[in-house]
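Read the structure below first, then the notes.
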Amino acid sequence: HSAEAQRTDLMTITRFVLNEQSKHPDSRGDFTILLSHIVLGCKFVCSAVSKAGLAKLIGLAGETNGEEQKKLDVLSNDVFIKALKSSGRTCILVSEEDEEATIVEPSKRGKYCVVFDPLDGSSNIDCGVSIGTIFGIYLVNDHEPTLEDVMQPGKNMVAAGYCMYGSSCTLVLSTGAGVNGFTLDPSLGEFILTHPDIKIPKKGKIYSVNEGNAKNWDGPTTKYVEKCKFPKDGSSPKSLRYIGSMVADVHRTLLYGGIFLYPGDKKSPNGKLRVLYEVFPMSFLMEQAGGQAFTGKIRALDLVPQKLHERSPIFLGSYDEVEEIKALYAAEG
Ligand code: AHM
Ligand code: MG
């Protein structure tokens, strides 16, 4: 009976967001329209990524690996920029691919700012490992848009999400009232709600980090990872999982629990990941799912970015694991 109901009563992402937005009395559907343009971008990239291997085999794309890789990044960026502009609902766009922010021309302007990484995990493209798109959304209130509108702490975002191009195409979204996951049904071309109200387990048995950087780590990171491997309290050692695609590593962390860290180190004091379109959206989702996100100094969503492409160390995941990291940094003083 209920299986039947599931098949005939499809909760698409559009229907879901319309329901959510209708709870706001002054909602005019702008957010739903913006989201449908982001969804279009994700579907396009999903299709392009799944054809990339084939294109290489039959020589559709560039000549060299480097060139081909770049093409998929650039193509994804072009698609998102055009889709977002044409939504008529955006005013400023910040992409990892573009040095400068894009200020949308007045005739196409709306009230949202979108920060995004159109295709993250580029080192994984050529071998067919999961990659993704990450996005965060700010709201601007009735004034000429300026860069100040996006140089805001992550806690001011009104929505954040990512799309993972993996064994299936999964879009995870939060509009500030929990986290929900949708899976693309290729036969329908629609994202269907498959992971309602995602909560991250309070503790986790997995840590995720590029351990090749261990030589340059600081004390707290070194101590934490040592504890994962050689626990002294009688608990079992944790498992290590590291894909090297933030979207995939964070997605697993969200569903299974554990911690994902890209710490600062002696060579890169601010780590690698970018504040606006990597650290903030993922931190927003983690908090909305009941986890935490910490920079080694403060709550990640309290950071105030000073530069568009600024980086920050990040520790995010299960509540208890991030508590441990916080205690180690506090002890160091
Ligand atoms: P990219 O924007 O060049 O793709 O780099 C970002 C990626 C993240 O997806 C991932 O978490 C990280 O780089 C992995 O870095 P490393 O290879 O140093 O472990
Ligand atoms: Mg990136």
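So you can find residues: chains in the structure tokens are A, B, ... in the order shown, residues in each start at 1, and ligands are numbered from 1 in order.
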Residues within 12 Å of Val225 of chain A, only C-alpha atoms, excluding chain neighbours under 6 positions, as a ChimeraX atom specification: /A:206-211,213-214,217-219,231,237-240,259-261,263,321,324-325,328
Within-12 Å residues of ligand 2, basis only C-alpha atoms and all ligand atoms, as a PyMOL selection string: chain A and resi 73+77+95-98+115-124+131-135+162+244-247+272-279+309+311
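Residues in contact range of Thr170 of chain A, defined as at most 9 Å between only C-alpha atoms, with sequence neighbours fewer than 2 positions away removed, read Tyr162, Cys163, Met164, Tyr165, Gly166, Ser168, Val172, Gly181, Phe182, Thr183, Leu184 and Phe191 of chain A.
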Output C-alpha atoms for every residue in the selection just made, as a tab-separated table (two decimals), in the first residue's frame.
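result27.tsv, freshly written:
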```
chain	number	residue	atom	x	y	z
A	162	TYR	CA	25.64	20.51	-2.89
A	163	CYS	CA	25.09	18.09	-5.72
A	164	MET	CA	27.21	14.95	-5.88
A	165	TYR	CA	27.89	13.32	-9.23
A	166	GLY	CA	28.51	9.81	-7.96
A	168	SER	CA	23.79	8.38	-8.46
A	172	VAL	CA	21.46	17.86	-0.57
A	181	GLY	CA	18.48	14.86	0.20
A	182	PHE	CA	17.07	14.32	-3.29
A	183	THR	CA	18.17	11.78	-5.88
A	184	LEU	CA	17.92	12.36	-9.61
A	191	PHE	CA	15.16	15.11	-8.18
```
In segment 12-189 of chain A, DSSP helix (DSSP H, G or I) residues written as an mmCIF file with N, CA and C atoms, in the first residue's frame:
```
data_model
loop_
_atom_site.group_PDB
_atom_site.id
_atom_site.type_symbol
_atom_site.label_atom_id
_atom_site.label_comp_id
_atom_site.auth_asym_id
_atom_site.auth_seq_id
_atom_site.Cartn_x
_atom_site.Cartn_y
_atom_site.Cartn_z
ATOM 1 N N ILE A 13 11.874 17.956 -5.869
ATOM 2 C CA ILE A 13 12.530 19.038 -5.122
ATOM 3 C C ILE A 13 11.741 20.345 -5.264
ATOM 4 N N THR A 14 11.151 20.582 -6.423
ATOM 5 C CA THR A 14 10.366 21.814 -6.629
ATOM 6 C C THR A 14 9.143 21.822 -5.719
ATOM 7 N N ARG A 15 8.441 20.686 -5.684
ATOM 8 C CA ARG A 15 7.254 20.594 -4.838
ATOM 9 C C ARG A 15 7.633 20.774 -3.369
ATOM 10 N N PHE A 16 8.759 20.163 -2.984
ATOM 11 C CA PHE A 16 9.208 20.234 -1.601
ATOM 12 C C PHE A 16 9.508 21.675 -1.201
ATOM 13 N N VAL A 17 10.248 22.375 -2.058
ATOM 14 C CA VAL A 17 10.635 23.743 -1.728
ATOM 15 C C VAL A 17 9.427 24.685 -1.785
ATOM 16 N N LEU A 18 8.515 24.445 -2.718
ATOM 17 C CA LEU A 18 7.279 25.243 -2.748
ATOM 18 C C LEU A 18 6.520 25.101 -1.436
ATOM 19 N N ASN A 19 6.402 23.860 -0.947
ATOM 20 C CA ASN A 19 5.740 23.614 0.344
ATOM 21 C C ASN A 19 6.429 24.385 1.456
ATOM 22 N N GLU A 20 7.768 24.274 1.484
ATOM 23 C CA GLU A 20 8.551 24.931 2.534
ATOM 24 C C GLU A 20 8.352 26.443 2.481
ATOM 25 N N GLN A 21 8.430 26.997 1.263
ATOM 26 C CA GLN A 21 8.376 28.449 1.124
ATOM 27 C C GLN A 21 6.980 28.992 1.420
ATOM 28 N N ASP A 30 10.084 33.392 -5.507
ATOM 29 C CA ASP A 30 11.398 33.734 -6.067
ATOM 30 C C ASP A 30 12.448 32.674 -5.767
ATOM 31 N N PHE A 31 12.454 32.188 -4.533
ATOM 32 C CA PHE A 31 13.463 31.198 -4.170
ATOM 33 C C PHE A 31 13.274 29.914 -4.971
ATOM 34 N N THR A 32 12.032 29.522 -5.150
ATOM 35 C CA THR A 32 11.734 28.301 -5.907
ATOM 36 C C THR A 32 12.237 28.432 -7.351
ATOM 37 N N ILE A 33 12.064 29.630 -7.912
ATOM 38 C CA ILE A 33 12.537 29.865 -9.288
ATOM 39 C C ILE A 33 14.068 29.815 -9.332
ATOM 40 N N LEU A 34 14.709 30.481 -8.355
ATOM 41 C CA LEU A 34 16.176 30.447 -8.299
ATOM 42 C C LEU A 34 16.658 28.996 -8.214
ATOM 43 N N LEU A 35 16.049 28.239 -7.296
ATOM 44 C CA LEU A 35 16.483 26.856 -7.102
ATOM 45 C C LEU A 35 16.310 26.032 -8.380
ATOM 46 N N SER A 36 15.238 26.268 -9.100
ATOM 47 C CA SER A 36 15.022 25.457 -10.301
ATOM 48 C C SER A 36 16.123 25.730 -11.335
ATOM 49 N N HIS A 37 16.701 26.933 -11.313
ATOM 50 C CA HIS A 37 17.824 27.215 -12.211
ATOM 51 C C HIS A 37 19.111 26.553 -11.726
ATOM 52 N N ILE A 38 19.286 26.477 -10.408
ATOM 53 C CA ILE A 38 20.447 25.741 -9.879
ATOM 54 C C ILE A 38 20.305 24.265 -10.237
ATOM 55 N N VAL A 39 19.108 23.743 -10.089
ATOM 56 C CA VAL A 39 18.844 22.332 -10.395
ATOM 57 C C VAL A 39 19.148 22.044 -11.874
ATOM 58 N N LEU A 40 18.779 22.976 -12.740
ATOM 59 C CA LEU A 40 19.083 22.803 -14.166
ATOM 60 C C LEU A 40 20.593 22.684 -14.386
ATOM 61 N N GLY A 41 21.353 23.572 -13.712
ATOM 62 C CA GLY A 41 22.812 23.512 -13.808
ATOM 63 C C GLY A 41 23.333 22.153 -13.358
ATOM 64 N N CYS A 42 22.804 21.657 -12.241
ATOM 65 C CA CYS A 42 23.247 20.364 -11.710
ATOM 66 C C CYS A 42 22.937 19.229 -12.688
ATOM 67 N N LYS A 43 21.779 19.268 -13.292
ATOM 68 C CA LYS A 43 21.417 18.210 -14.261
ATOM 69 C C LYS A 43 22.351 18.250 -15.461
ATOM 70 N N PHE A 44 22.669 19.466 -15.904
ATOM 71 C CA PHE A 44 23.571 19.594 -17.046
ATOM 72 C C PHE A 44 24.942 19.016 -16.700
ATOM 73 N N VAL A 45 25.473 19.419 -15.532
ATOM 74 C CA VAL A 45 26.814 18.952 -15.159
ATOM 75 C C VAL A 45 26.800 17.439 -14.975
ATOM 76 N N CYS A 46 25.734 16.928 -14.373
ATOM 77 C CA CYS A 46 25.605 15.480 -14.180
ATOM 78 C C CYS A 46 25.720 14.762 -15.524
ATOM 79 N N SER A 47 25.011 15.279 -16.508
ATOM 80 C CA SER A 47 25.028 14.661 -17.829
ATOM 81 C C SER A 47 26.412 14.786 -18.474
ATOM 82 N N ALA A 48 27.035 15.965 -18.331
ATOM 83 C CA ALA A 48 28.364 16.180 -18.923
ATOM 84 C C ALA A 48 29.409 15.284 -18.265
ATOM 85 N N VAL A 49 29.332 15.174 -16.923
ATOM 86 C CA VAL A 49 30.306 14.360 -16.195
ATOM 87 C C VAL A 49 30.165 12.893 -16.602
ATOM 88 N N SER A 50 28.935 12.427 -16.756
ATOM 89 C CA SER A 50 28.756 11.005 -17.059
ATOM 90 C C SER A 50 29.191 10.692 -18.486
ATOM 91 N N LYS A 51 29.234 11.704 -19.342
ATOM 92 C CA LYS A 51 29.702 11.480 -20.719
ATOM 93 C C LYS A 51 31.198 11.729 -20.878
ATOM 94 N N ALA A 52 31.839 12.282 -19.825
ATOM 95 C CA ALA A 52 33.229 12.722 -19.977
ATOM 96 C C ALA A 52 34.152 11.576 -20.369
ATOM 97 N N GLY A 53 33.977 10.426 -19.726
ATOM 98 C CA GLY A 53 34.835 9.279 -20.021
ATOM 99 C C GLY A 53 34.657 8.830 -21.454
ATOM 100 N N LEU A 54 33.424 8.788 -21.896
ATOM 101 C CA LEU A 54 33.091 8.372 -23.256
ATOM 102 C C LEU A 54 33.662 9.359 -24.273
ATOM 103 N N ALA A 55 33.501 10.647 -23.959
ATOM 104 C CA ALA A 55 33.994 11.688 -24.861
ATOM 105 C C ALA A 55 35.495 11.535 -25.068
ATOM 106 N N LYS A 56 36.179 11.185 -23.986
ATOM 107 C CA LYS A 56 37.624 11.019 -24.052
ATOM 108 C C LYS A 56 37.968 9.853 -24.983
ATOM 109 N N LEU A 57 37.216 8.772 -24.810
ATOM 110 C CA LEU A 57 37.459 7.550 -25.580
ATOM 111 C C LEU A 57 37.296 7.804 -27.070
ATOM 112 N N ASN A 65 45.043 15.726 -21.358
ATOM 113 C CA ASN A 65 44.286 15.558 -20.116
ATOM 114 C C ASN A 65 43.978 16.896 -19.470
ATOM 115 N N GLY A 66 45.038 17.707 -19.363
ATOM 116 C CA GLY A 66 44.894 18.995 -18.690
ATOM 117 C C GLY A 66 43.803 19.808 -19.341
ATOM 118 N N GLU A 67 43.831 19.843 -20.634
ATOM 119 C CA GLU A 67 42.882 20.657 -21.365
ATOM 120 C C GLU A 67 41.455 20.136 -21.169
ATOM 121 N N GLU A 68 41.343 18.845 -21.212
ATOM 122 C CA GLU A 68 40.020 18.242 -21.093
ATOM 123 C C GLU A 68 39.408 18.515 -19.724
ATOM 124 N N GLN A 69 40.274 18.368 -18.702
ATOM 125 C CA GLN A 69 39.831 18.611 -17.345
ATOM 126 C C GLN A 69 39.314 20.036 -17.217
ATOM 127 N N LYS A 70 40.121 20.943 -17.759
ATOM 128 C CA LYS A 70 39.772 22.341 -17.672
ATOM 129 C C LYS A 70 38.434 22.564 -18.375
ATOM 130 N N LYS A 71 38.241 21.877 -19.459
ATOM 131 C CA LYS A 71 37.024 22.096 -20.221
ATOM 132 C C LYS A 71 35.767 21.811 -19.400
ATOM 133 N N LEU A 72 35.779 20.718 -18.672
ATOM 134 C CA LEU A 72 34.598 20.361 -17.897
ATOM 135 C C LEU A 72 34.336 21.381 -16.777
ATOM 136 N N ASP A 73 35.423 21.854 -16.144
ATOM 137 C CA ASP A 73 35.303 22.906 -15.116
ATOM 138 C C ASP A 73 34.684 24.162 -15.715
ATOM 139 N N VAL A 74 35.274 24.580 -16.831
ATOM 140 C CA VAL A 74 34.874 25.841 -17.451
ATOM 141 C C VAL A 74 33.455 25.736 -17.998
ATOM 142 N N LEU A 75 33.159 24.600 -18.606
ATOM 143 C CA LEU A 75 31.820 24.355 -19.135
ATOM 144 C C LEU A 75 30.779 24.432 -18.016
ATOM 145 N N SER A 76 31.066 23.789 -16.896
ATOM 146 C CA SER A 76 30.132 23.789 -15.763
ATOM 147 C C SER A 76 29.925 25.208 -15.263
ATOM 148 N N ASN A 77 31.022 25.956 -15.182
ATOM 149 C CA ASN A 77 30.919 27.337 -14.718
ATOM 150 C C ASN A 77 30.030 28.160 -15.660
ATOM 151 N N ASP A 78 30.270 28.021 -16.968
ATOM 152 C CA ASP A 78 29.471 28.771 -17.946
ATOM 153 C C ASP A 78 27.987 28.463 -17.787
ATOM 154 N N VAL A 79 27.685 27.184 -17.617
ATOM 155 C CA VAL A 79 26.285 26.781 -17.505
ATOM 156 C C VAL A 79 25.639 27.400 -16.269
ATOM 157 N N PHE A 80 26.346 27.345 -15.136
ATOM 158 C CA PHE A 80 25.767 27.906 -13.906
ATOM 159 C C PHE A 80 25.611 29.423 -14.000
ATOM 160 N N ILE A 81 26.642 30.097 -14.502
ATOM 161 C CA ILE A 81 26.558 31.565 -14.599
ATOM 162 C C ILE A 81 25.347 31.952 -15.471
ATOM 163 N N LYS A 82 25.195 31.278 -16.594
ATOM 164 C CA LYS A 82 24.090 31.645 -17.496
ATOM 165 C C LYS A 82 22.733 31.296 -16.889
ATOM 166 N N ALA A 83 22.649 30.132 -16.262
ATOM 167 C CA ALA A 83 21.375 29.718 -15.658
ATOM 168 C C ALA A 83 20.992 30.677 -14.527
ATOM 169 N N LEU A 84 21.991 31.065 -13.723
ATOM 170 C CA LEU A 84 21.692 31.937 -12.580
ATOM 171 C C LEU A 84 21.283 33.335 -13.034
ATOM 172 N N LYS A 85 22.008 33.863 -14.037
ATOM 173 C CA LYS A 85 21.644 35.185 -14.554
ATOM 174 C C LYS A 85 20.228 35.160 -15.127
ATOM 175 N N SER A 86 19.938 34.132 -15.924
ATOM 176 C CA SER A 86 18.649 34.117 -16.622
ATOM 177 C C SER A 86 17.487 33.825 -15.680
ATOM 178 N N PRO A 106 21.359 45.162 -14.525
ATOM 179 C CA PRO A 106 20.140 45.615 -13.841
ATOM 180 C C PRO A 106 18.852 44.967 -14.366
ATOM 181 N N SER A 107 18.726 44.773 -15.667
ATOM 182 C CA SER A 107 17.467 44.251 -16.209
ATOM 183 C C SER A 107 17.193 42.798 -15.779
ATOM 184 N N LYS A 108 18.252 42.100 -15.348
ATOM 185 C CA LYS A 108 18.051 40.691 -14.955
ATOM 186 C C LYS A 108 18.163 40.497 -13.444
ATOM 187 N N SER A 122 38.396 18.543 -8.897
ATOM 188 C CA SER A 122 38.810 18.379 -10.293
ATOM 189 C C SER A 122 39.879 17.297 -10.485
ATOM 190 N N SER A 123 40.676 17.029 -9.432
ATOM 191 C CA SER A 123 41.707 15.995 -9.610
ATOM 192 C C SER A 123 41.060 14.616 -9.779
ATOM 193 N N ASN A 124 39.777 14.510 -9.483
ATOM 194 C CA ASN A 124 39.093 13.210 -9.595
ATOM 195 C C ASN A 124 38.317 13.030 -10.901
ATOM 196 N N LEU A 147 29.941 44.275 -3.263
ATOM 197 C CA LEU A 147 30.674 43.102 -2.777
ATOM 198 C C LEU A 147 30.406 42.823 -1.304
ATOM 199 N N GLU A 148 30.086 43.892 -0.558
ATOM 200 C CA GLU A 148 29.788 43.728 0.869
ATOM 201 C C GLU A 148 28.667 42.702 1.093
ATOM 202 N N ASP A 149 27.780 42.601 0.106
ATOM 203 C CA ASP A 149 26.640 41.696 0.252
ATOM 204 C C ASP A 149 27.046 40.218 0.329
ATOM 205 N N GLY A 154 28.915 33.092 7.237
ATOM 206 C CA GLY A 154 28.100 32.011 6.702
ATOM 207 C C GLY A 154 26.766 31.852 7.397
ATOM 208 N N LYS A 155 26.687 32.285 8.659
ATOM 209 C CA LYS A 155 25.419 32.145 9.381
ATOM 210 C C LYS A 155 24.324 33.004 8.762
ATOM 211 N N ASN A 156 24.713 33.993 7.921
ATOM 212 C CA ASN A 156 23.703 34.823 7.256
ATOM 213 C C ASN A 156 23.155 34.203 5.976
#
```
Point-to-point distance from atom CA of Asn141 of chain A to atom CA of Gln288 of chain A, Å rounded to tenths: 24.1 Å
For Arg299 of chain A: contacts at 10 Å, only C-alpha atoms, fewer than 3 positions along chain excluded, given as a PyMOL selection string: chain A and resi 154-155+283+292-296+302-303+314-315+326
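In this comparison, which uses only C-alpha atoms and all ligand atoms, the residue of A:Ile103, A:Val129, A:Leu173, A:Ala160 approaching ligand 1 most closely is A:Val129.
With distances restricted to only C-alpha atoms and all ligand atoms, A:Gly271 is the closest residue to ligand 1 from A:Pro201, A:Gly271, A:Pro196, A:Gly333.
Closest approach to ligand 1 from the set A:Asp265, A:Glu100, A:Glu226, A:Asp9 is made by A:Asp265, with distances taken over only C-alpha atoms and all ligand atoms.
Taking atom CA of Ser130 of chain A and atom CA of His251 of chain A as endpoints, the distance between them is 10.7 Å.
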Spatial neighbours of Val114 of chain A, max dist 6 Å, only C-alpha atoms, sep filter under 6 positions, as an MDAnalysis selection string: chainID A and resid 93 136:137
Residues flagged strand (DSSP E or B) by DSSP in segment 142-271 of chain A, as a PyMOL selection string: chain A and resi 159-165+169-174+180-185+190-195+206-208+217+239-240+259-262+265
From A:Cys169, A:Leu139, A:Leu255, A:Ala248, residue lying nearest ligand 1 [only C-alpha atoms and all ligand atoms]: A:Ala248
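Taking atom CA of Gly178 of chain A and atom CA of Glu190 of chain A as the two end points, the separation is 21.2 Å.
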